[in-house]
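Worksheet: one structure, shown below.
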Protein chains: 2
Amino acid sequence: MPAKSRRSVCPVACALDLLGDRWTLLVVRDLFWGKSRYGEFAASPEKIPTNLLADRLARLEAAGIVDSERYQDHPPRHAYRLTKRGRELGPILRALAGWGRRHIAGTRTRDEVAAA
Amino acid sequence: MPAKSRRSVCPVACALDLLGDRWTLLVVRDLFWGKSRYGEFAASPEKIPTNLLADRLARLEAAGIVDSERYQDHPPRHAYRLTKRGRELGPILRALAGWGRRHIAGTRTRDEVAAA
DNA sequence: GCTGAGACTTGCTTTTTGCAAGTTAATTGC
DNA sequence: GCAATTAACTTGCAAAAAGCAAGTCTCAGC
């Protein structure tokens, strides 16, 4: 199958086809912070709806950004981790965080919140 | 007014509230490429629906990322340009473009397409 | 005065979101 | 050893956003 129809060959457009929504990069942020379990993502302050969390984890895995290791059967439980490809999203997160911190009033980084 | 309810104080989350969709950053990309008129954005290969283009330009202007200069009355016509705040989105676009180019098969930068 | 282009706006259908509730299978408390 | 709790999802549905086509408005050229 020719992947799902692509809008153009532009790397920005193609990256946004994978990452361009309000939740996907927040899950990736949590993974960068060391979270790995479903409940940890769900507990983040943004309170992602549980069906969207399941959907986003599946899409990220399908895109090769995340992989999951089954750490028990019955019931099946997975630990999610960034792949190499996923870890390379770091610069995007950093750029977003830097811009947000500088241009949106009232935002605080994790470090700033921890220091308070 | 307390802005529209914010999901958290995280700069990444707040940036995604403004920029986290499939089209907004593509319009910003076009602005970085020097485009300034409605028809130029509409002509990009991704073919943004015209009502979404009007909506995104209005939101970007409301967010202080873009400003518009009226270059004629009757009918009113505007040229759109990035503000300082908008120009500082450069690192985000570059990070997205770099990741997309390296990790999504078949993508080509503008320079690569131009060289062909 | 007729045609066409540019910049939007409107209406409507489809898709995605967001919320609540339900399910399944351990695990903990008593 | 049995009810209550917890973790990780799944399902159903209403509301919002996206996507598409068509319409409007104004001026420019012929």
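A note on labels: chains of the structure tokens are A, B, ... as shown, every chain counts residues from 1, and ligands are counted from 1 in their shown order.
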Requested in this report: Output the contact residues of chain B with respect to chain A at a cut-off of 10 Å, based on only C-alpha atoms, as a ChimeraX atom specification.
Outcome: /B:6-26,29,44-48,63-65,85-86,88-110,113
What are the closest atom pairs, with distances in Å to one decimal, for all residues of chain D lying within 12 Å of chain B? Consider only C-alpha atoms (C1' of nucleotides), order rows by chain and residue number, and present the result as a tab-separated table.
residue	atom	partner	partner_atom	distance
D:DA17	C1'	B:Leu52	CA	10.0
D:DA18	C1'	B:Leu52	CA	8.2
D:DG19	C1'	B:Pro49	CA	6.7
D:DC20	C1'	B:Pro49	CA	7.9
D:DA21	C1'	B:Pro49	CA	10.6
D:DC25	C1'	B:Pro75	CA	8.0
D:DT26	C1'	B:Pro75	CA	5.4
D:DC27	C1'	B:Pro75	CA	7.4
Write the selection just made, keeping C-alpha atoms (C1' of nucleotides), as a PDB file, in the first residue's frame?
ATOM      1  C1'  DA D  17     -13.344  20.749  13.498  1.00  0.00           C
ATOM      2  C1'  DA D  18     -12.043  19.481   8.844  1.00  0.00           C
ATOM      3  C1'  DG D  19     -12.831  19.206   4.071  1.00  0.00           C
ATOM      4  C1'  DC D  20     -15.300  20.081  -0.151  1.00  0.00           C
ATOM      5  C1'  DA D  21     -18.094  22.710  -3.334  1.00  0.00           C
ATOM      6  C1'  DC D  25     -17.857  40.896  -4.113  1.00  0.00           C
ATOM      7  C1'  DT D  26     -14.798  44.067  -6.385  1.00  0.00           C
ATOM      8  C1'  DC D  27     -11.848  45.534  -9.667  1.00  0.00           C
TER       9       DC D  27
END
Chain A least-squares fitted onto chain B over all paired Cα atoms, as a tab-separated table (two decimals) with N, CA and C atoms, in the first residue's frame:
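What ended up in selection12.tsv:
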chain	number	residue	atom	x	y	z
A	1	MET	N	-10.73	38.73	29.83
A	1	MET	CA	-10.99	37.27	29.72
A	1	MET	C	-9.71	36.49	29.93
A	2	PRO	N	-9.80	35.35	30.56
A	2	PRO	CA	-8.61	34.58	30.94
A	2	PRO	C	-8.11	33.71	29.80
A	3	ALA	N	-8.01	34.25	28.61
A	3	ALA	CA	-7.61	33.47	27.43
A	3	ALA	C	-8.49	32.23	27.40
A	4	LYS	N	-8.42	31.43	26.35
A	4	LYS	CA	-9.22	30.21	26.40
A	4	LYS	C	-8.51	29.19	27.27
A	5	SER	N	-9.28	28.48	28.02
A	5	SER	CA	-8.72	27.63	29.07
A	5	SER	C	-7.50	26.86	28.58
A	6	ARG	N	-6.45	26.95	29.36
A	6	ARG	CA	-5.17	26.38	29.02
A	6	ARG	C	-5.08	24.99	29.64
A	7	ARG	N	-4.45	24.07	28.92
A	7	ARG	CA	-4.39	22.71	29.43
A	7	ARG	C	-3.44	22.54	30.60
A	8	SER	N	-2.35	23.33	30.58
A	8	SER	CA	-1.37	23.27	31.66
A	8	SER	C	-0.44	24.47	31.49
A	9	VAL	N	0.52	24.62	32.36
A	9	VAL	CA	1.49	25.72	32.20
A	9	VAL	C	2.70	25.28	31.37
A	10	CYS	N	2.71	24.06	30.92
A	10	CYS	CA	3.86	23.56	30.14
A	10	CYS	C	4.00	24.33	28.83
A	11	PRO	N	5.19	24.83	28.54
A	11	PRO	CA	5.39	25.61	27.30
A	11	PRO	C	5.13	24.77	26.05
A	12	VAL	N	5.39	23.49	26.11
A	12	VAL	CA	5.12	22.64	24.95
A	12	VAL	C	3.62	22.54	24.73
A	13	ALA	N	2.88	22.29	25.80
A	13	ALA	CA	1.42	22.18	25.68
A	13	ALA	C	0.82	23.48	25.18
A	14	CYS	N	1.29	24.61	25.72
A	14	CYS	CA	0.74	25.90	25.31
A	14	CYS	C	1.10	26.22	23.86
A	15	ALA	N	2.31	25.88	23.45
A	15	ALA	CA	2.69	26.10	22.06
A	15	ALA	C	1.81	25.25	21.14
A	16	LEU	N	1.53	24.02	21.56
A	16	LEU	CA	0.69	23.15	20.73
A	16	LEU	C	-0.76	23.65	20.69
A	17	ASP	N	-1.21	24.32	21.73
A	17	ASP	CA	-2.55	24.91	21.68
A	17	ASP	C	-2.66	25.91	20.53
A	18	LEU	N	-1.56	26.59	20.23
A	18	LEU	CA	-1.55	27.55	19.12
A	18	LEU	C	-1.19	26.91	17.78
A	19	LEU	N	-0.24	26.01	17.81
A	19	LEU	CA	0.39	25.53	16.57
A	19	LEU	C	0.08	24.09	16.25
A	20	GLY	N	-0.58	23.38	17.18
A	20	GLY	CA	-0.70	21.93	17.04
A	20	GLY	C	-1.83	21.49	16.14
A	21	ASP	N	-1.67	21.62	14.87
A	21	ASP	CA	-2.63	21.05	13.92
A	21	ASP	C	-1.90	20.85	12.60
A	22	ARG	N	-2.59	20.34	11.61
A	22	ARG	CA	-1.91	19.95	10.39
A	22	ARG	C	-1.61	21.11	9.46
A	23	TRP	N	-2.19	22.29	9.69
A	23	TRP	CA	-2.05	23.37	8.71
A	23	TRP	C	-1.28	24.59	9.17
A	24	THR	N	-1.43	24.96	10.43
A	24	THR	CA	-0.88	26.23	10.90
A	24	THR	C	0.60	26.41	10.55
A	25	LEU	N	1.41	25.41	10.86
A	25	LEU	CA	2.85	25.57	10.61
A	25	LEU	C	3.19	25.53	9.12
A	26	LEU	N	2.29	24.99	8.31
A	26	LEU	CA	2.54	25.05	6.87
A	26	LEU	C	2.36	26.46	6.34
A	27	VAL	N	1.41	27.18	6.91
A	27	VAL	CA	1.25	28.59	6.52
A	27	VAL	C	2.49	29.37	6.96
A	28	VAL	N	2.97	29.07	8.16
A	28	VAL	CA	4.18	29.75	8.64
A	28	VAL	C	5.37	29.42	7.74
A	29	ARG	N	5.47	28.16	7.33
A	29	ARG	CA	6.53	27.78	6.39
A	29	ARG	C	6.48	28.64	5.13
A	30	ASP	N	5.28	28.80	4.58
A	30	ASP	CA	5.14	29.61	3.37
A	30	ASP	C	5.58	31.05	3.62
A	31	LEU	N	5.25	31.57	4.80
A	31	LEU	CA	5.67	32.93	5.12
A	31	LEU	C	7.20	33.02	5.18
A	32	PHE	N	7.83	31.98	5.72
A	32	PHE	CA	9.31	31.96	5.74
A	32	PHE	C	9.87	31.92	4.33
A	33	TRP	N	9.13	31.31	3.43
A	33	TRP	CA	9.57	31.26	2.04
A	33	TRP	C	9.27	32.57	1.30
A	34	GLY	N	8.73	33.55	1.99
A	34	GLY	CA	8.52	34.85	1.38
A	34	GLY	C	7.13	35.07	0.81
A	35	LYS	N	6.26	34.08	0.93
A	35	LYS	CA	4.90	34.30	0.45
A	35	LYS	C	4.17	35.27	1.36
A	36	SER	N	3.27	36.05	0.79
A	36	SER	CA	2.57	37.02	1.62
A	36	SER	C	1.10	37.18	1.25
A	37	ARG	N	0.69	36.68	0.11
A	37	ARG	CA	-0.70	36.90	-0.28
A	37	ARG	C	-1.52	35.63	-0.21
A	38	TYR	N	-2.82	35.83	0.05
A	38	TYR	CA	-3.76	34.73	0.21
A	38	TYR	C	-3.62	33.69	-0.90
A	39	GLY	N	-3.61	34.16	-2.12
A	39	GLY	CA	-3.52	33.25	-3.25
A	39	GLY	C	-2.23	32.46	-3.28
A	40	GLU	N	-1.16	33.05	-2.78
A	40	GLU	CA	0.11	32.31	-2.75
A	40	GLU	C	0.05	31.14	-1.78
A	41	PHE	N	-0.55	31.37	-0.61
A	41	PHE	CA	-0.70	30.28	0.36
A	41	PHE	C	-1.59	29.19	-0.23
A	42	ALA	N	-2.67	29.63	-0.84
A	42	ALA	CA	-3.63	28.67	-1.39
A	42	ALA	C	-3.01	27.84	-2.50
A	43	ALA	N	-1.99	28.38	-3.16
A	43	ALA	CA	-1.38	27.68	-4.30
A	43	ALA	C	-0.34	26.65	-3.88
A	44	SER	N	0.01	26.58	-2.61
A	44	SER	CA	1.01	25.61	-2.17
A	44	SER	C	0.55	24.19	-2.47
A	45	PRO	N	1.49	23.27	-2.63
A	45	PRO	CA	1.13	21.93	-3.10
A	45	PRO	C	0.22	21.16	-2.16
A	46	GLU	N	0.17	21.54	-0.88
A	46	GLU	CA	-0.69	20.81	0.05
A	46	GLU	C	-2.16	21.16	-0.12
A	47	LYS	N	-2.45	22.24	-0.82
A	47	LYS	CA	-3.82	22.63	-1.15
A	47	LYS	C	-4.71	22.75	0.10
A	48	ILE	N	-4.37	23.68	0.94
A	48	ILE	CA	-5.18	23.93	2.12
A	48	ILE	C	-6.57	24.41	1.72
A	49	PRO	N	-7.63	23.86	2.32
A	49	PRO	CA	-8.98	24.35	2.03
A	49	PRO	C	-9.09	25.83	2.35
A	50	THR	N	-9.79	26.55	1.50
A	50	THR	CA	-9.79	28.01	1.60
A	50	THR	C	-10.38	28.52	2.90
A	51	ASN	N	-11.39	27.84	3.43
A	51	ASN	CA	-11.94	28.31	4.71
A	51	ASN	C	-10.94	28.11	5.84
A	52	LEU	N	-10.16	27.04	5.78
A	52	LEU	CA	-9.16	26.82	6.82
A	52	LEU	C	-8.02	27.83	6.69
A	53	LEU	N	-7.68	28.20	5.47
A	53	LEU	CA	-6.63	29.20	5.29
A	53	LEU	C	-7.06	30.52	5.92
A	54	ALA	N	-8.28	30.94	5.66
A	54	ALA	CA	-8.77	32.19	6.26
A	54	ALA	C	-8.76	32.09	7.78
A	55	ASP	N	-9.21	30.95	8.29
A	55	ASP	CA	-9.23	30.75	9.74
A	55	ASP	C	-7.83	30.79	10.33
A	56	ARG	N	-6.89	30.11	9.71
A	56	ARG	CA	-5.53	30.04	10.26
A	56	ARG	C	-4.83	31.40	10.21
A	57	LEU	N	-5.04	32.14	9.14
A	57	LEU	CA	-4.45	33.47	9.08
A	57	LEU	C	-5.01	34.34	10.20
A	58	ALA	N	-6.31	34.25	10.45
A	58	ALA	CA	-6.90	35.05	11.52
A	58	ALA	C	-6.35	34.64	12.88
A	59	ARG	N	-6.20	33.34	13.10
A	59	ARG	CA	-5.66	32.89	14.40
A	59	ARG	C	-4.21	33.31	14.58
A	60	LEU	N	-3.44	33.19	13.51
A	60	LEU	CA	-2.03	33.58	13.61
A	60	LEU	C	-1.91	35.07	13.90
A	61	GLU	N	-2.79	35.85	13.29
A	61	GLU	CA	-2.75	37.29	13.56
A	61	GLU	C	-3.17	37.56	15.00
A	62	ALA	N	-4.21	36.87	15.46
A	62	ALA	CA	-4.66	37.05	16.85
A	62	ALA	C	-3.57	36.66	17.84
A	63	ALA	N	-2.73	35.71	17.45
A	63	ALA	CA	-1.66	35.24	18.34
A	63	ALA	C	-0.41	36.11	18.24
A	64	GLY	N	-0.44	37.10	17.35
A	64	GLY	CA	0.72	37.98	17.23
A	64	GLY	C	1.88	37.36	16.47
A	65	ILE	N	1.59	36.32	15.71
A	65	ILE	CA	2.65	35.64	14.95
A	65	ILE	C	2.75	36.24	13.55
A	66	VAL	N	1.64	36.78	13.10
A	66	VAL	CA	1.55	37.37	11.76
A	66	VAL	C	0.91	38.74	11.90
A	67	ASP	N	1.30	39.69	11.04
A	67	ASP	CA	0.47	40.89	10.93
A	67	ASP	C	0.17	41.14	9.47
A	68	SER	N	-0.89	41.90	9.24
A	68	SER	CA	-1.30	42.12	7.86
A	68	SER	C	-1.33	43.61	7.58
A	69	GLU	N	-0.84	43.94	6.41
A	69	GLU	CA	-0.82	45.33	5.98
A	69	GLU	C	-1.79	45.45	4.81
A	70	ARG	N	-2.70	46.41	4.93
A	70	ARG	CA	-3.64	46.60	3.84
A	70	ARG	C	-2.91	47.34	2.71
A	71	TYR	N	-2.84	46.71	1.57
A	71	TYR	CA	-2.12	47.36	0.48
A	71	TYR	C	-3.06	47.97	-0.56
A	72	GLN	N	-4.35	47.82	-0.36
A	72	GLN	CA	-5.32	48.57	-1.16
A	72	GLN	C	-6.67	48.47	-0.47
A	73	ASP	N	-7.51	49.49	-0.70
A	73	ASP	CA	-8.90	49.40	-0.26
A	73	ASP	C	-9.73	49.12	-1.51
A	74	HIS	N	-10.95	48.71	-1.33
A	74	HIS	CA	-11.88	48.55	-2.45
A	74	HIS	C	-11.32	47.75	-3.58
A	75	PRO	N	-11.33	46.43	-3.45
A	75	PRO	CA	-11.68	45.69	-2.24
A	75	PRO	C	-10.48	45.65	-1.30
A	76	PRO	N	-10.69	45.47	-0.01
A	76	PRO	CA	-9.57	45.42	0.91
A	76	PRO	C	-8.69	44.20	0.63
A	77	ARG	N	-7.42	44.44	0.46
A	77	ARG	CA	-6.46	43.36	0.22
A	77	ARG	C	-5.30	43.48	1.20
A	78	HIS	N	-4.87	42.36	1.73
A	78	HIS	CA	-3.82	42.40	2.74
A	78	HIS	C	-2.59	41.63	2.31
A	79	ALA	N	-1.44	42.12	2.75
A	79	ALA	CA	-0.21	41.34	2.64
A	79	ALA	C	0.12	40.86	4.04
A	80	TYR	N	0.39	39.58	4.17
A	80	TYR	CA	0.67	39.00	5.49
A	80	TYR	C	2.18	38.85	5.67
A	81	ARG	N	2.62	39.14	6.87
A	81	ARG	CA	4.06	39.01	7.17
A	81	ARG	C	4.26	38.48	8.57
A	82	LEU	N	5.37	37.81	8.78
A	82	LEU	CA	5.69	37.33	10.12
A	82	LEU	C	6.11	38.50	10.99
A	83	THR	N	5.65	38.48	12.22
A	83	THR	CA	6.16	39.42	13.21
A	83	THR	C	7.48	38.87	13.75
A	84	LYS	N	8.08	39.59	14.68
A	84	LYS	CA	9.31	39.09	15.32
A	84	LYS	C	9.01	37.74	15.98
A	85	ARG	N	7.90	37.71	16.71
A	85	ARG	CA	7.49	36.46	17.35
A	85	ARG	C	7.34	35.33	16.34
A	86	GLY	N	6.80	35.66	15.18
A	86	GLY	CA	6.64	34.65	14.15
A	86	GLY	C	7.97	34.20	13.58
A	87	ARG	N	8.87	35.14	13.38
A	87	ARG	CA	10.18	34.76	12.82
A	87	ARG	C	10.93	33.83	13.77
A	88	GLU	N	10.64	33.94	15.04
A	88	GLU	CA	11.32	33.08	16.00
A	88	GLU	C	10.79	31.65	16.01
A	89	LEU	N	9.80	31.39	15.16
A	89	LEU	CA	9.38	29.99	14.98
A	89	LEU	C	10.35	29.24	14.07
A	90	GLY	N	11.32	29.94	13.50
A	90	GLY	CA	12.29	29.31	12.60
A	90	GLY	C	12.88	28.01	13.13
A	91	PRO	N	13.39	27.99	14.36
A	91	PRO	CA	13.98	26.75	14.86
A	91	PRO	C	13.01	25.58	14.89
A	92	ILE	N	11.74	25.85	15.15
A	92	ILE	CA	10.76	24.76	15.16
A	92	ILE	C	10.61	24.20	13.75
A	93	LEU	N	10.46	25.09	12.78
A	93	LEU	CA	10.35	24.63	11.38
A	93	LEU	C	11.59	23.86	10.96
A	94	ARG	N	12.74	24.39	11.31
A	94	ARG	CA	13.98	23.70	10.92
A	94	ARG	C	14.06	22.32	11.55
A	95	ALA	N	13.68	22.22	12.82
A	95	ALA	CA	13.74	20.92	13.49
A	95	ALA	C	12.76	19.94	12.84
A	96	LEU	N	11.56	20.41	12.53
A	96	LEU	CA	10.58	19.55	11.86
A	96	LEU	C	11.08	19.11	10.49
A	97	ALA	N	11.63	20.06	9.75
A	97	ALA	CA	12.11	19.75	8.40
A	97	ALA	C	13.26	18.75	8.47
A	98	GLY	N	14.17	18.96	9.41
A	98	GLY	CA	15.31	18.05	9.53
A	98	GLY	C	14.88	16.64	9.89
A	99	TRP	N	13.98	16.55	10.84
A	99	TRP	CA	13.52	15.22	11.25
A	99	TRP	C	12.77	14.54	10.11
A	100	GLY	N	11.87	15.29	9.49
A	100	GLY	CA	11.10	14.73	8.38
A	100	GLY	C	11.99	14.26	7.25
A	101	ARG	N	12.93	15.09	6.91
A	101	ARG	CA	13.84	14.73	5.80
A	101	ARG	C	14.60	13.46	6.11
A	102	ARG	N	15.03	13.30	7.36
A	102	ARG	CA	15.86	12.14	7.71
A	102	ARG	C	15.05	10.87	7.94
A	103	HIS	N	13.81	11.02	8.40
A	103	HIS	CA	13.09	9.83	8.85
A	103	HIS	C	11.87	9.45	8.02
A	104	ILE	N	11.47	10.30	7.10
A	104	ILE	CA	10.32	9.93	6.28
A	104	ILE	C	10.78	9.76	4.84
A	105	ALA	N	10.66	8.55	4.35
A	105	ALA	CA	11.15	8.23	3.01
A	105	ALA	C	10.39	9.03	1.96
A	106	GLY	N	11.12	9.50	0.97
A	106	GLY	CA	10.47	10.18	-0.15
A	106	GLY	C	10.32	11.68	0.01
A	107	THR	N	10.69	12.22	1.16
A	107	THR	CA	10.58	13.68	1.33
A	107	THR	C	11.77	14.36	0.67
A	108	ARG	N	11.50	15.57	0.18
A	108	ARG	CA	12.54	16.38	-0.47
A	108	ARG	C	12.41	17.83	-0.02
A	109	THR	N	13.54	18.42	0.29
A	109	THR	CA	13.49	19.84	0.64
A	109	THR	C	13.26	20.67	-0.61
A	110	ARG	N	12.93	21.93	-0.40
A	110	ARG	CA	12.72	22.84	-1.51
A	110	ARG	C	13.98	22.91	-2.38
A	111	ASP	N	15.14	22.96	-1.74
A	111	ASP	CA	16.40	23.03	-2.48
A	111	ASP	C	16.61	21.80	-3.34
A	112	GLU	N	16.31	20.63	-2.77
A	112	GLU	CA	16.50	19.40	-3.54
A	112	GLU	C	15.57	19.35	-4.74
A	113	VAL	N	14.35	19.81	-4.54
A	113	VAL	CA	13.40	19.82	-5.65
A	113	VAL	C	13.86	20.82	-6.71
A	114	ALA	N	14.35	21.97	-6.25
A	114	ALA	CA	14.79	23.00	-7.20
A	114	ALA	C	15.99	22.53	-8.01
A	115	ALA	N	16.84	21.70	-7.39
A	115	ALA	CA	18.05	21.23	-8.08
A	115	ALA	C	17.73	20.16	-9.13
A	116	ALA	N	16.51	19.65	-9.11
A	116	ALA	CA	16.17	18.55	-10.03
A	116	ALA	C	15.57	19.06	-11.34
Report task. Find the residues in chain C near chain A: any atom within 9 Å counts, using only C-alpha atoms (C1' of nucleotides). Write them as number ranges by chain. Result -> C: 17-19, 24-26
Requested in this report: Write down as a list in words the residues belonging to chain A that are assigned strand (DSSP E) by DSSP computed on the backbone.
Outcome: Val66, Asp67, Ser68, Glu69, Arg70, Tyr71, Gln72, Arg77, His78, Ala79, Tyr80, Arg81 and Leu82 of chain A
Report task. Report the distance between C1' of DA15 (chain D) and C1' of DT9 (chain C) in Å, rounded to one decimal place. Result ->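 Pair C1' of DA15 (chain D) / C1' of DT9 (chain C) returns 22.9 Å.
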Query raised in the report: as a PyMOL selection string, which residues of region 14-116 of chain B does DSSP assign to alpha helix (DSSP H)?
Result: chain B and resi 14-19+24-32+38-42+50-62+84-87+90-103+110-115
Requested in this report: Quick one: pull the distance between C1' of DG22 (chain C) and C1' of DG12 (chain D), Å, one decimal.
Outcome: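 Pair C1' of DG22 (chain C) / C1' of DG12 (chain D) returns 9.9 Å.
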